[in-house]
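Coordinates as given in coords-v9.csv (CSV, C-alpha atoms):
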chain,number,residue,atom,x,y,z
A,12,MET,CA,0.0,0.0,0.0
A,13,THR,CA,1.1,3.5,-0.7
A,14,GLN,CA,1.4,6.2,1.9
A,15,THR,CA,-1.9,7.7,0.8
A,16,SER,CA,-3.8,4.5,0.9
A,17,HIS,CA,-7.4,4.8,2.0
A,18,SER,CA,-7.6,1.2,3.1
A,19,GLY,CA,-10.3,0.7,5.8
A,20,LYS,CA,-11.7,4.1,5.3
A,21,ILE,CA,-15.4,4.7,4.5
A,22,VAL,CA,-15.9,7.4,2.0
A,23,LEU,CA,-19.1,9.1,0.8
A,24,VAL,CA,-19.0,10.7,-2.7
A,25,THR,CA,-22.0,12.8,-3.9
A,26,GLY,CA,-22.5,12.8,-7.7
A,27,SER,CA,-20.6,9.5,-7.9
A,28,ARG,CA,-22.0,8.5,-11.3
A,29,LYS,CA,-19.9,10.5,-13.6
A,30,GLY,CA,-17.2,13.2,-14.0
A,31,ILE,CA,-15.0,14.0,-11.1
A,32,GLY,CA,-17.2,12.1,-8.7
A,33,LEU,CA,-16.8,8.9,-10.7
A,34,ALA,CA,-13.0,9.4,-11.0
A,35,LEU,CA,-12.7,10.0,-7.2
A,36,THR,CA,-14.9,7.0,-6.5
A,37,ASN,CA,-12.7,4.7,-8.6
A,38,HIS,CA,-9.6,6.2,-7.0
A,39,PHE,CA,-10.8,5.5,-3.4
A,40,LEU,CA,-11.9,2.0,-4.4
A,41,ASP,CA,-8.5,1.4,-6.0
A,42,GLU,CA,-6.9,2.6,-2.7
A,43,GLY,CA,-8.9,0.1,-0.6
A,44,ALA,CA,-11.7,2.3,0.7
A,45,THR,CA,-15.4,1.4,0.9
A,46,VAL,CA,-17.3,4.0,-1.1
A,47,LEU,CA,-20.9,5.1,-0.5
A,48,GLY,CA,-22.0,6.8,-3.7
A,49,LEU,CA,-24.9,9.2,-3.9
A,50,SER,CA,-26.8,10.5,-7.0
A,51,ARG,CA,-30.3,10.9,-8.3
A,52,GLN,CA,-29.8,8.1,-10.8
A,53,PRO,CA,-28.6,4.5,-10.6
A,54,SER,CA,-24.9,3.9,-11.0
A,55,ASP,CA,-23.1,1.5,-13.4
A,56,ILE,CA,-20.2,1.1,-10.9
A,57,ASN,CA,-19.8,-2.6,-10.1
A,58,HIS,CA,-17.4,-3.1,-7.2
A,59,VAL,CA,-17.6,-5.2,-4.1
A,60,ASN,CA,-16.8,-2.2,-1.9
A,61,TYR,CA,-19.2,0.2,-3.7
A,62,TYR,CA,-22.7,0.9,-2.4
A,63,HIS,CA,-24.9,3.2,-4.3
A,64,HIS,CA,-27.7,5.3,-2.8
A,65,LEU,CA,-30.4,7.2,-4.7
A,66,CYS,CA,-30.6,10.6,-3.1
A,67,ASP,CA,-31.4,14.1,-4.1
A,68,VAL,CA,-28.9,16.2,-2.1
A,69,ARG,CA,-31.2,19.3,-2.5
A,70,ASP,CA,-33.8,17.6,-0.2
A,71,ALA,CA,-32.8,18.1,3.4
A,72,LYS,CA,-35.3,15.5,4.7
A,73,GLU,CA,-34.2,12.9,2.1
A,74,VAL,CA,-30.6,13.5,3.0
A,75,ARG,CA,-31.3,13.2,6.7
A,76,ALA,CA,-33.3,10.0,6.3
A,77,LEU,CA,-30.5,8.5,4.2
A,78,PHE,CA,-27.8,9.3,6.8
A,79,GLN,CA,-29.9,7.9,9.6
A,80,GLN,CA,-29.8,4.6,7.7
A,81,ILE,CA,-26.1,4.9,7.0
A,82,ALA,CA,-25.3,5.7,10.6
A,83,LYS,CA,-27.0,2.5,11.8
A,84,LYS,CA,-24.7,0.4,9.5
A,85,SER,CA,-21.3,2.0,9.4
A,86,ALA,CA,-18.9,4.8,10.3
A,87,LEU,CA,-18.0,7.6,7.9
A,88,HIS,CA,-14.5,9.0,7.6
A,89,ILE,CA,-14.4,11.1,4.4
A,90,LEU,CA,-17.0,13.1,2.6
A,91,ILE,CA,-16.6,14.4,-0.9
A,92,ASN,CA,-19.2,17.0,-1.8
A,93,ASN,CA,-19.0,16.8,-5.6
A,94,SER,CA,-22.6,17.1,-6.8
A,95,ALA,CA,-23.0,20.2,-8.9
A,96,VAL,CA,-24.9,21.6,-11.9
A,97,LEU,CA,-23.8,24.3,-14.3
A,98,ASP,CA,-25.7,26.5,-16.7
A,99,SER,CA,-23.4,29.0,-18.1
A,100,GLN,CA,-25.4,31.9,-19.6
A,101,HIS,CA,-25.3,35.6,-19.7
A,102,SER,CA,-27.4,36.9,-16.8
A,103,PHE,CA,-30.0,38.2,-19.3
A,104,MET,CA,-30.5,34.7,-20.5
A,105,LEU,CA,-30.2,32.6,-17.4
A,106,THR,CA,-33.6,31.3,-16.3
A,107,ALA,CA,-34.8,31.5,-12.7
A,108,THR,CA,-35.2,27.8,-12.7
A,109,SER,CA,-31.6,27.2,-13.7
A,110,ALA,CA,-30.3,29.8,-11.2
A,111,GLU,CA,-32.3,28.1,-8.4
A,112,ALA,CA,-31.1,24.7,-9.4
A,113,MET,CA,-27.5,25.8,-9.1
A,114,VAL,CA,-28.0,27.4,-5.7
A,115,THR,CA,-29.8,24.3,-4.3
A,116,THR,CA,-27.5,21.7,-5.8
A,117,ASN,CA,-24.1,23.5,-5.5
A,118,LEU,CA,-24.6,25.2,-2.2
A,119,LEU,CA,-27.5,23.9,-0.1
A,120,GLY,CA,-26.8,20.3,-1.1
A,121,PRO,CA,-23.3,20.2,0.3
A,122,PHE,CA,-24.6,22.0,3.4
A,123,PHE,CA,-27.3,19.4,4.0
A,124,VAL,CA,-25.0,16.5,3.3
A,125,SER,CA,-22.1,17.9,5.4
A,126,ARG,CA,-24.1,18.5,8.5
A,127,GLU,CA,-25.5,15.0,8.5
A,128,ALA,CA,-22.1,13.5,7.7
A,129,ALA,CA,-20.6,15.4,10.5
A,130,LYS,CA,-23.0,13.9,13.0
A,131,VAL,CA,-21.8,10.4,12.0
A,132,MET,CA,-18.1,11.5,12.0
A,133,LYS,CA,-18.6,13.1,15.4
A,134,ARG,CA,-18.9,9.6,16.9
A,135,THR,CA,-15.3,8.7,16.0
A,136,ARG,CA,-14.0,12.2,16.5
A,137,TRP,CA,-12.4,12.0,13.1
A,138,GLY,CA,-13.6,13.2,9.7
A,139,ARG,CA,-12.5,14.9,6.5
A,140,ILE,CA,-15.0,16.9,4.5
A,141,ILE,CA,-13.7,17.9,1.1
A,142,ASN,CA,-15.7,20.1,-1.2
A,143,ILE,CA,-15.2,20.3,-4.9
A,144,GLY,CA,-14.9,23.9,-5.8
A,145,SER,CA,-14.2,25.6,-9.0
A,146,MET,CA,-11.8,28.1,-10.6
A,147,ALA,CA,-15.0,30.1,-11.5
A,148,ALA,CA,-15.1,31.3,-7.9
A,149,GLU,CA,-11.8,33.2,-8.3
A,150,LEU,CA,-11.8,34.0,-12.1
A,151,GLU,CA,-15.5,35.1,-12.2
A,152,PRO,CA,-16.0,34.4,-15.9
A,153,ILE,CA,-18.8,35.9,-18.0
A,154,GLY,CA,-21.8,33.6,-18.0
A,155,ASP,CA,-21.1,32.1,-14.5
A,156,SER,CA,-22.7,34.7,-12.3
A,157,ILE,CA,-24.7,32.2,-10.3
A,158,TYR,CA,-22.4,29.2,-10.7
A,159,ALA,CA,-19.4,31.2,-9.6
A,160,ALA,CA,-21.4,32.7,-6.7
A,161,THR,CA,-22.4,29.2,-5.5
A,162,LYS,CA,-18.8,28.0,-5.7
A,163,ALA,CA,-17.6,31.1,-3.8
A,164,GLY,CA,-20.3,30.5,-1.3
A,165,LEU,CA,-19.2,26.9,-1.0
A,166,VAL,CA,-15.7,28.1,0.1
A,167,THR,CA,-17.2,30.4,2.7
A,168,MET,CA,-19.5,27.6,3.9
A,169,THR,CA,-16.6,25.2,4.1
A,170,ASN,CA,-14.6,27.7,6.2
A,171,VAL,CA,-17.4,28.3,8.6
A,172,LEU,CA,-18.0,24.5,9.0
A,173,ALA,CA,-14.3,24.1,9.7
A,174,ARG,CA,-14.7,26.3,12.8
A,175,GLU,CA,-17.9,24.6,13.9
A,176,LEU,CA,-16.7,21.1,13.4
A,177,SER,CA,-13.1,21.3,14.5
A,178,PRO,CA,-14.0,20.4,18.2
A,179,PHE,CA,-15.1,17.0,16.8
A,180,GLY,CA,-11.9,16.3,14.9
A,181,ILE,CA,-13.4,17.1,11.6
A,182,THR,CA,-11.6,19.1,9.0
A,183,CYS,CA,-13.2,20.9,6.1
A,184,ASN,CA,-11.4,22.0,2.9
A,185,THR,CA,-12.0,22.8,-0.7
A,186,VAL,CA,-10.3,21.7,-3.9
A,187,GLY,CA,-10.6,24.4,-6.6
A,188,VAL,CA,-10.8,22.4,-9.8
A,189,THR,CA,-10.0,23.9,-13.2
A,190,ALA,CA,-11.3,22.5,-16.5
A,191,PHE,CA,-11.7,18.7,-16.3
A,192,GLU,CA,-12.9,16.6,-19.2
A,193,SER,CA,-16.5,15.7,-18.2
A,194,ASP,CA,-20.1,16.1,-19.2
A,195,MET,CA,-20.2,19.4,-17.4
A,196,LEU,CA,-17.3,20.8,-19.4
A,197,SER,CA,-18.9,19.7,-22.6
A,198,GLN,CA,-21.8,22.1,-21.9
A,199,LEU,CA,-19.4,25.1,-22.2
A,200,PRO,CA,-18.0,26.7,-25.3
A,201,ARG,CA,-14.6,25.0,-25.7
A,202,ALA,CA,-12.9,28.2,-27.1
A,203,ALA,CA,-14.0,30.2,-24.1
A,204,VAL,CA,-12.7,27.6,-21.7
A,205,ASP,CA,-9.4,27.3,-23.6
A,206,THR,CA,-8.9,31.1,-23.3
A,207,ILE,CA,-9.4,31.0,-19.6
A,208,ILE,CA,-7.1,28.0,-19.2
A,209,ALA,CA,-4.4,29.7,-21.4
A,210,SER,CA,-4.3,32.5,-18.8
A,211,LEU,CA,-3.4,30.3,-15.9
A,212,PRO,CA,0.1,29.9,-14.6
A,213,ILE,CA,0.0,26.3,-15.6
A,214,PRO,CA,-2.1,26.5,-18.8
A,215,ARG,CA,-3.5,23.0,-19.2
A,216,TYR,CA,-6.6,21.1,-18.3
A,217,ALA,CA,-6.7,19.2,-15.0
A,218,GLU,CA,-5.9,15.5,-15.0
A,219,PRO,CA,-7.6,13.1,-12.6
A,220,ASP,CA,-4.4,12.7,-10.7
A,221,ASP,CA,-4.1,16.4,-10.1
A,222,ILE,CA,-7.4,16.2,-8.2
A,223,PHE,CA,-6.5,12.9,-6.4
A,224,ASN,CA,-3.3,14.5,-5.2
A,225,VAL,CA,-5.1,17.3,-3.3
A,226,VAL,CA,-7.9,15.1,-2.1
A,227,ASP,CA,-5.4,12.6,-0.7
A,228,PHE,CA,-3.6,15.4,1.0
A,229,PHE,CA,-6.7,16.8,2.7
A,230,SER,CA,-8.0,13.3,3.6
A,231,SER,CA,-4.7,12.0,5.1
A,232,GLU,CA,-4.2,11.2,8.7
A,233,ARG,CA,-1.4,13.8,8.7
A,234,SER,CA,-3.7,16.6,7.7
A,235,ALA,CA,-5.4,16.9,11.0
A,236,TYR,CA,-4.1,20.5,11.3
A,237,ILE,CA,-5.2,21.5,7.8
A,238,THR,CA,-8.7,23.0,7.7
A,239,ALA,CA,-10.6,25.9,6.1
A,240,GLN,CA,-8.2,25.9,3.2
A,241,THR,CA,-8.8,26.1,-0.5
A,242,ILE,CA,-6.2,24.7,-2.9
A,243,TYR,CA,-6.7,25.7,-6.5
A,244,LEU,CA,-5.2,23.7,-9.3
A,245,GLY,CA,-3.1,25.2,-12.0
A,246,GLY,CA,-2.2,28.3,-10.1
A,247,VAL,CA,-5.7,29.9,-10.2
A,248,HIS,CA,-5.7,33.0,-8.1
A,249,GLY,CA,-7.9,36.1,-7.8
B,22,MET,CA,-41.2,1.8,19.1
B,23,THR,CA,-41.8,4.5,21.8
B,24,ILE,CA,-40.0,5.6,24.9
B,25,SER,CA,-41.0,6.1,28.5
B,26,SER,CA,-40.5,9.1,30.7
B,27,GLU,CA,-37.9,7.2,32.7
B,28,GLN,CA,-36.0,6.1,29.5
B,29,ALA,CA,-36.0,9.7,28.2
B,30,GLU,CA,-34.6,10.9,31.6
B,31,THR,CA,-31.9,8.2,31.5
B,32,LEU,CA,-31.1,9.1,27.9
B,33,ILE,CA,-30.5,12.8,28.7
B,34,ARG,CA,-28.5,11.9,31.8
B,35,ASP,CA,-26.3,9.6,29.9
B,36,ALA,CA,-25.8,12.2,27.2
B,37,ILE,CA,-24.9,14.8,29.8
B,38,GLU,CA,-22.5,12.4,31.5
B,39,ALA,CA,-20.8,11.9,28.1
B,40,LEU,CA,-20.7,15.6,27.5
B,41,ASN,CA,-19.1,16.2,31.0
B,42,GLU,CA,-16.3,13.8,30.1
B,43,GLU,CA,-15.3,16.3,27.4
B,44,LEU,CA,-15.7,19.4,29.5
B,45,PRO,CA,-13.2,20.9,32.0
B,46,GLU,CA,-14.0,20.2,35.6
B,47,GLY,CA,-15.3,23.6,36.4
B,48,GLU,CA,-17.7,23.6,33.4
B,49,ARG,CA,-19.5,20.3,34.0
B,50,VAL,CA,-23.2,20.3,34.4
B,51,THR,CA,-25.7,18.3,36.5
B,52,ALA,CA,-28.7,16.6,34.9
B,53,LYS,CA,-31.3,18.1,37.2
B,54,PRO,CA,-34.7,18.8,35.6
B,55,SER,CA,-34.2,22.5,36.3
B,56,THR,CA,-30.7,22.7,34.7
B,57,VAL,CA,-30.8,25.5,32.1
B,58,LEU,CA,-29.4,24.3,28.7
B,59,PHE,CA,-30.2,27.3,26.5
B,60,GLY,CA,-30.8,31.0,27.0
B,61,ILE,CA,-30.1,33.2,30.1
B,62,GLY,CA,-28.4,31.2,32.8
B,63,ALA,CA,-27.5,28.3,30.5
B,64,GLU,CA,-24.9,26.0,32.0
B,65,ILE,CA,-23.5,24.9,28.7
B,66,ASP,CA,-22.4,26.8,25.6
B,67,SER,CA,-24.1,26.5,22.2
B,68,LEU,CA,-21.5,24.0,20.9
B,69,SER,CA,-22.1,21.7,23.8
B,70,LEU,CA,-25.9,22.0,23.3
B,71,VAL,CA,-25.6,21.0,19.7
B,72,SER,CA,-23.4,18.1,20.6
B,73,LEU,CA,-25.8,17.0,23.3
B,74,VAL,CA,-28.8,17.1,21.0
B,75,VAL,CA,-27.0,15.2,18.3
B,76,ASP,CA,-26.0,12.5,20.8
B,77,ILE,CA,-29.6,12.2,22.0
B,78,GLU,CA,-30.9,11.9,18.4
B,79,THR,CA,-28.3,9.2,17.7
B,80,THR,CA,-29.2,7.2,20.8
B,81,LEU,CA,-32.9,7.5,19.9
B,82,SER,CA,-32.2,6.2,16.5
B,83,GLU,CA,-29.9,3.4,17.6
B,84,GLN,CA,-31.5,2.1,20.8
B,85,TYR,CA,-35.2,2.9,20.2
B,86,ASP,CA,-35.4,3.0,16.4
B,87,LEU,CA,-36.8,6.5,16.6
B,88,ASP,CA,-35.5,8.7,13.8
B,89,ILE,CA,-36.5,12.1,15.2
B,90,ALA,CA,-35.0,15.4,14.3
B,91,LEU,CA,-35.0,17.3,17.6
B,92,ALA,CA,-33.4,20.4,16.2
B,93,ASP,CA,-35.7,21.1,13.3
B,94,GLU,CA,-38.0,23.9,12.1
B,95,GLU,CA,-40.7,22.8,14.5
B,96,ALA,CA,-38.4,23.1,17.5
B,97,ILE,CA,-37.0,26.5,16.4
B,98,ALA,CA,-40.4,27.9,15.7
B,99,ARG,CA,-41.7,27.4,19.2
B,100,ALA,CA,-42.0,30.5,21.4
B,101,VAL,CA,-40.1,28.6,24.1
B,102,LEU,CA,-37.3,26.5,22.7
B,103,PRO,CA,-37.7,22.9,23.9
B,104,PHE,CA,-34.0,22.8,24.8
B,105,SER,CA,-34.3,25.5,27.5
B,106,THR,CA,-34.0,23.1,30.4
B,107,VAL,CA,-33.4,19.4,31.0
B,108,GLN,CA,-37.1,18.9,31.9
B,109,ALA,CA,-38.3,20.8,28.7
B,110,LEU,CA,-36.0,18.6,26.6
B,111,GLN,CA,-37.3,15.5,28.2
B,112,ASP,CA,-40.9,16.6,27.6
B,113,TYR,CA,-40.1,17.4,24.0
B,114,ILE,CA,-38.4,14.0,23.4
B,115,LEU,CA,-41.5,12.3,24.7
B,116,GLU,CA,-43.8,14.5,22.6
B,117,ARG,CA,-41.9,13.8,19.4
B,118,ALA,CA,-41.5,10.1,20.1
B,119,ASN,CA,-45.2,9.8,20.5
B,120,GLU,CA,-45.8,11.7,17.3
B,121,SER,CA,-43.6,9.3,15.4
B,122,ARG,CA,-45.3,6.1,16.6
Could you express the structure from this file as structure tokens?
Amino acid sequence: MTQTSHSGKIVLVTGSRKGIGLALTNHFLDEGATVLGLSRQPSDINHVNYYHHLCDVRDAKEVRALFQQIAKKSALHILINNSAVLDSQHSFMLTATSAEAMVTTNLLGPFFVSREAAKVMKRTRWGRIINIGSMAAELEPIGDSIYAATKAGLVTMTNVLARELSPFGITCNTVGVTAFESDMLSQLPRAAVDTIIASLPIPRYAEPDDIFNVVDFFSSERSAYITAQTIYLGGVHG
Amino acid sequence: MTISSEQAETLIRDAIEALNEELPEGERVTAKPSTVLFGIGAEIDSLSLVSLVVDIETTLSEQYDLDIALADEEAIARAVLPFSTVQALQDYILERANESR
């Protein structure tokens, strides 16, 4: 096993069906963890240590009911809040429905999941909450008024939770991801994304291992003194 | 499943004992019915109250199969918060447990 092995850890990943959530799920499974995946749709992941749960993270009652069932069966060590939706439109064009969907999925969802996860983590006085942020929070690109605001809000929420949950041995941090090949990225005009990426200190798309590296760092035993931090990939800065 | 008044009392006492193990000697609380948990004269801080309520919810779920959210909109909306004293908390647990039967 490597130094960053997650053997024996129980990890919950929201939005585990695809994109970054799927990549992280496979990473944790490869490293020996048990993964509880959440999404609104069934998953194709077939692994002896993977358990899929249908759950809409926007529904506080549904989230609570799920965690009550999880708490009866297992511990929880690491939470990855990855579920997110993106509709990149000029503010004149963005519908209220899309705007609300981004706020509820990208901001309220992680809040509902984090607080229930923290109750389970509190029992063992150990937990790592890692939120998947976005370069949009810092770069504030045209079209991402609400998306960028939800991701900036996610960072603030993470930092407040870090204060509230530190007495229970739970750390809360954010990984600020750049462009990553996924269904979400395919919704954006590639030329506009390439222009943004070209302006970064390291002008390339994120690879899965770039994300794993930071997630492994935040989730390691040695990172007990690391909380309320945001690490952006690629040198993103405001 | 439901819960008796005696069981609710024991549940709160055990949770307070567990909380006391984490508190410095001078800040420990007694589990008397009149012990103030929230508001003016509270013997514990807000973090300890949150921790206490979560522990009680967990025990209700694990030992009594009662999945009750004590700190929900219903509790917060009340004129007198049901966590104000140990007795009020005990009464509230019994009320919510009976509702969920």
Go through A:Met132, A:Ala190, A:Leu97, A:Ile157 and flag the residue nearest Pro214 (chain A), using all atoms listed in the file for the distances.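 With all atoms listed in the file as the atom set, the closest residue is A:Ala190.
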Counting only C-alpha atoms, which residue out of A:Val186, A:Met104, A:Val131, A:Val166 sits closest to Gly154 (chain A)? A:Met104
Select, counting all atoms listed in the file, all protein, DNA and RNA residues no farther than 7 Å from (-18.5, 14.3, -6.5) in file coordinates, and express the selection as number ranges by chain. A: 24-27, 31-32, 91-94
Take the residues just selected and output them with C-alpha atoms as a PDB file, keeping the file's coordinate frame.
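Result file is part_25.pdb:
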ATOM      1  CA  VAL A  24     -19.000  10.700  -2.700  1.00  0.00           C
ATOM      2  CA  THR A  25     -22.000  12.800  -3.900  1.00  0.00           C
ATOM      3  CA  GLY A  26     -22.500  12.800  -7.700  1.00  0.00           C
ATOM      4  CA  SER A  27     -20.600   9.500  -7.900  1.00  0.00           C
ATOM      5  CA  ILE A  31     -15.000  14.000 -11.100  1.00  0.00           C
ATOM      6  CA  GLY A  32     -17.200  12.100  -8.700  1.00  0.00           C
ATOM      7  CA  ILE A  91     -16.600  14.400  -0.900  1.00  0.00           C
ATOM      8  CA  ASN A  92     -19.200  17.000  -1.800  1.00  0.00           C
ATOM      9  CA  ASN A  93     -19.000  16.800  -5.600  1.00  0.00           C
ATOM     10  CA  SER A  94     -22.600  17.100  -6.800  1.00  0.00           C
TER      11      SER A  94
END
Selected residue, from A:Thr189, A:Gln80, A:Ser234, A:Asn37, that lies nearest to Ile213 (chain A) when counting all atoms listed in the file: A:Thr189
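As for CA of Arg51 (chain A) and CA of Leu118 (chain A), they are spaced 16.6 Å apart.
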Each residue of chain A with at least one atom at most 12 Å from chain B should appear once, together with its nearest atom pair and the corresponding distance in Å (one decimal); atoms considered: all atoms listed in the file; ordering: chain, then increasing residue number; output as a Markdown table.
| residue | atom | partner | partner_atom | distance |
| --- | --- | --- | --- | --- |
| A:Ala71 | CA | B:Asp93 | CA | 10.7 |
| A:Lys72 | CA | B:Ala90 | CA | 9.6 |
| A:Arg75 | CA | B:Ala90 | CA | 8.7 |
| A:Ala76 | CA | B:Asp88 | CA | 7.9 |
| A:Leu77 | CA | B:Asp88 | CA | 10.8 |
| A:Phe78 | CA | B:Asp88 | CA | 10.4 |
| A:Gln79 | CA | B:Asp88 | CA | 7.0 |
| A:Gln80 | CA | B:Ser82 | CA | 9.3 |
| A:Ile81 | CA | B:Glu83 | CA | 11.4 |
| A:Ala82 | CA | B:Thr79 | CA | 8.5 |
| A:Lys83 | CA | B:Glu83 | CA | 6.5 |
| A:Lys84 | CA | B:Glu83 | CA | 10.1 |
| A:Ser85 | CA | B:Glu83 | CA | 12.0 |
| A:Arg126 | CA | B:Val75 | CA | 10.7 |
| A:Glu127 | CA | B:Val75 | CA | 9.9 |
| A:Ala128 | CA | B:Val75 | CA | 11.8 |
| A:Ala129 | CA | B:Val75 | CA | 10.1 |
| A:Lys130 | CA | B:Val75 | CA | 6.8 |
| A:Val131 | CA | B:Thr79 | CA | 8.7 |
| A:Met132 | CA | B:Val75 | CA | 11.5 |
| A:Lys133 | CA | B:Ser72 | CA | 8.7 |
| A:Arg134 | CA | B:Asp76 | CA | 8.6 |
| A:Arg136 | CA | B:Glu43 | CA | 11.7 |
| A:Arg174 | CA | B:Leu68 | CA | 10.8 |
| A:Glu175 | CA | B:Leu68 | CA | 7.9 |
| A:Leu176 | CA | B:Leu68 | CA | 9.4 |
| A:Ser177 | CA | B:Leu68 | CA | 10.9 |
| A:Pro178 | CA | B:Leu68 | CA | 8.7 |
| A:Phe179 | CA | B:Ser72 | CA | 9.2 |
Measuring atom to atom with all atoms listed in the file, identify which of B:Tyr85, B:Ala39, B:Val71, B:Leu32 is nearest to Ser121 (chain B). B:Tyr85
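Within the 10 Å cut-off around Gln28 (chain B), using all atoms listed in the file and omitting residues fewer than 4 positions from it on the same chain, the listed residues are Thr23, Ile24, Leu32, Ile33, Arg34, Tyr85, Gln111 and Leu115 of chain B.
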C-alpha atoms of the current selection, written as an mmCIF file, in the frame of the given file:
data_model
loop_
_atom_site.group_PDB
_atom_site.id
_atom_site.type_symbol
_atom_site.label_atom_id
_atom_site.label_comp_id
_atom_site.auth_asym_id
_atom_site.auth_seq_id
_atom_site.Cartn_x
_atom_site.Cartn_y
_atom_site.Cartn_z
ATOM 1 C CA THR B 23 -41.800 4.500 21.800
ATOM 2 C CA ILE B 24 -40.000 5.600 24.900
ATOM 3 C CA LEU B 32 -31.100 9.100 27.900
ATOM 4 C CA ILE B 33 -30.500 12.800 28.700
ATOM 5 C CA ARG B 34 -28.500 11.900 31.800
ATOM 6 C CA TYR B 85 -35.200 2.900 20.200
ATOM 7 C CA GLN B 111 -37.300 15.500 28.200
ATOM 8 C CA LEU B 115 -41.500 12.300 24.700
#
Can you tell me which residues surround His248 (chain A) at a distance of at most 9 Å, considering all atoms listed in the file, apart from same-chain residues fewer than 2 positions away, and format the answer as a VMD selection string? chain A and resid 146 149 to 150 211 243 246
Output the selection as a PDB file, in the coordinates of the input - C-alpha atoms for each residue.
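The resulting file, result.pdb, is shown below:
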ATOM      1  CA  MET A 146     -11.800  28.100 -10.600  1.00  0.00           C
ATOM      2  CA  GLU A 149     -11.800  33.200  -8.300  1.00  0.00           C
ATOM      3  CA  LEU A 150     -11.800  34.000 -12.100  1.00  0.00           C
ATOM      4  CA  LEU A 211      -3.400  30.300 -15.900  1.00  0.00           C
ATOM      5  CA  TYR A 243      -6.700  25.700  -6.500  1.00  0.00           C
ATOM      6  CA  GLY A 246      -2.200  28.300 -10.100  1.00  0.00           C
TER       7      GLY A 246
END
Mind pulling up the distance from CA of Arg215 (chain A) to CA of Phe191 (chain A)?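 For CA of Phe191 (chain A) relative to CA of Arg215 (chain A), the distance reads 9.7 Å.
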In Å to one decimal, how far is CA of Ile140 (chain A) from CA of Glu43 (chain B)?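 Between CA of Glu43 (chain B) and CA of Ile140 (chain A) the gap works out to 22.9 Å.
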Counting only C-alpha atoms, what is within 8 Å of Ser193 (chain A), bar same-chain residues fewer than 3 positions away, as an MDAnalysis selection string? chainID A and resid 29:31 196:197
Can you list, as a PyMOL selection string, every protein, DNA or RNA residue that comes within 8 Å of region 51-65 of chain B when you count all atoms listed in the file, leaving out same-chain residues fewer than 2 positions away? chain B and resi 33-34+37+48-49+67+69-70+104-108
Selection file, C-alpha atoms, as a PDB file, keeping the file's coordinate frame:
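Saved to part04.pdb:
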ATOM      1  CA  ILE B  33     -30.500  12.800  28.700  1.00  0.00           C
ATOM      2  CA  ARG B  34     -28.500  11.900  31.800  1.00  0.00           C
ATOM      3  CA  ILE B  37     -24.900  14.800  29.800  1.00  0.00           C
ATOM      4  CA  GLU B  48     -17.700  23.600  33.400  1.00  0.00           C
ATOM      5  CA  ARG B  49     -19.500  20.300  34.000  1.00  0.00           C
ATOM      6  CA  SER B  67     -24.100  26.500  22.200  1.00  0.00           C
ATOM      7  CA  SER B  69     -22.100  21.700  23.800  1.00  0.00           C
ATOM      8  CA  LEU B  70     -25.900  22.000  23.300  1.00  0.00           C
ATOM      9  CA  PHE B 104     -34.000  22.800  24.800  1.00  0.00           C
ATOM     10  CA  SER B 105     -34.300  25.500  27.500  1.00  0.00           C
ATOM     11  CA  THR B 106     -34.000  23.100  30.400  1.00  0.00           C
ATOM     12  CA  VAL B 107     -33.400  19.400  31.000  1.00  0.00           C
ATOM     13  CA  GLN B 108     -37.100  18.900  31.900  1.00  0.00           C
TER      14      GLN B 108
END
Would you list the contacts of Tyr61 (chain A) as a list in words, taking every protein, DNA or RNA residue within 12 Å and counting only C-alpha atoms, but skipping same-chain residues closer than 6 positions in sequence? Ile21, Val22, Leu23, Val24, Ser27, Arg28, Leu33, Thr36, Asn37, His38, Phe39, Leu40, Asp41, Gly43, Ala44, Thr45, Val46, Leu47, Gly48, Leu49, Ser54 and Asp55 of chain A
Using all atoms listed in the file, find the one residue out of B:Leu110, B:Val74, B:Ile97, B:Leu91 that sits nearest to Leu40 (chain B).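 Selected residue with least distance to Leu40 (chain B): B:Val74.
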With all atoms listed in the file as the basis for distance, which of A:Val247, A:Ile237, A:Ala209, A:Ala95 is at the shortest distance from Ala112 (chain A)? A:Ala95
